[in-house]
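S.K.: The structure's right below; bear with me while I get my questions together.
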Amino acid sequence: MAKNQEKILSNKDNLQVLYEDNHLIIVNKRAGDIVQGDKTGDKPLSEVVKSYIKDKYQKPGNVYLGVAHRLDRPTTGVVVFAKTSKALPRLNKIFAEKDAKKTYWALVKQLPPKTEDTLIHWLRKNPKNNKSTAYNKEIAEGKKAILHYKILKELDRYYLLEIELETGRHHQIRSQLSSIGCPIKGDLKYGFDRSNPDASISLHARRLSFIHPVSNKKIDVEAPLPEDPLWNACL
């Protein structure tokens, strides 16, 4: 089992490497980073990781790196990349078949209806505004979304929720929590009343567990929380 809380490597791009071996590299994404290149033209996290590998191992030519999953730009936390063409299709299969356990932490201002619950919705994405709407019953073009949440801690004005995903839909946590009246702190798109100073939302991919696609050993990686007084109060 790979545990990582104590040792975090970094480079000139402030990259936090949580775990690395010959086939995988797992990093702690910062708010504002995009995992893969998009129309903004901003340097994606994948390129930062490539630069890290190239510098660390003094690799000539291009560096191979495969993107297996993504996090929304304003979120933080665990992202895993494949360093080899052998690992990528196997890693893709792990995510496609829901064999990776994803645990998120979120800060919300409103008390959820229940201390813990399973939310089931059908999400429909609107590409024009890049937003998903949650419906309580099956709809045309809707994709079934399931998550489990529980309240971990009550803070002065917020509640810390732990969320486990059964499905991986577009903006799933953001949309489903908003639908029960609990938009995530800073998430203007889904109904929170004001933004966070750094344009982040208070959603953190806290932990990722899966079986290594090549070695078959258990990988269990936890990402440190962002440096913020409110997040610090969660520990």
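Each chain in the structure tokens gets a letter, A, B, ..., in the order shown, and its residues are numbered from 1; ligands are numbered from 1 in order too.
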Mind running stretch 155-222 of chain A against stretch 16-38 of chain A at 8 Å and telling me each contacting residue's nearest atom pair with the distance in Å (one decimal), counting only C-alpha atoms, chain and number ascending, as JSON lines?

M.R.:
{"residue": "A:Asp198", "atom": "CA", "partner": "A:Ala31", "partner_atom": "CA", "distance": 7.9}
{"residue": "A:Ala199", "atom": "CA", "partner": "A:Gly32", "partner_atom": "CA", "distance": 7.5}
{"residue": "A:Ser200", "atom": "CA", "partner": "A:Ala31", "partner_atom": "CA", "distance": 5.4}
{"residue": "A:Ile201", "atom": "CA", "partner": "A:Ala31", "partner_atom": "CA", "distance": 7.9}
{"residue": "A:Val214", "atom": "CA", "partner": "A:His23", "partner_atom": "CA", "distance": 7.6}
{"residue": "A:Val221", "atom": "CA", "partner": "A:Leu18", "partner_atom": "CA", "distance": 7.1}
{"residue": "A:Glu222", "atom": "CA", "partner": "A:Leu18", "partner_atom": "CA", "distance": 7.9}

S.K.: From stretch 83-206 of chain A, collect each residue whose DSSP state is helix (DSSP H, G or I) and return the set as an MDAnalysis selection string.

M.R.: chainID A and resid 87:96 172:179 188:190

S.K.: From the options A:Ala96, A:Ala205, A:Leu160, A:Ala68, which residue's atoms come nearest to A:Lys83, counting only C-alpha atoms?

M.R.: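 Smallest separation from A:Lys83 among the options: A:Ala68.
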
S.K.: Just give me the gap between atom CA of A:Tyr104 and atom CA of A:Ser51 in Å, one decimal is fine.

M.R.: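 Result for atom CA of A:Tyr104 versus atom CA of A:Ser51: 27.8 Å, one decimal.
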
S.K.: Please determine, counting only C-alpha atoms, which residue among A:Leu188, A:Ala100, A:Val63, A:Val80 has the shortest atom-to-atom distance to A:Lys218.

M.R.: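 Ranked by minimum distance to A:Lys218, first place goes to A:Ala100.
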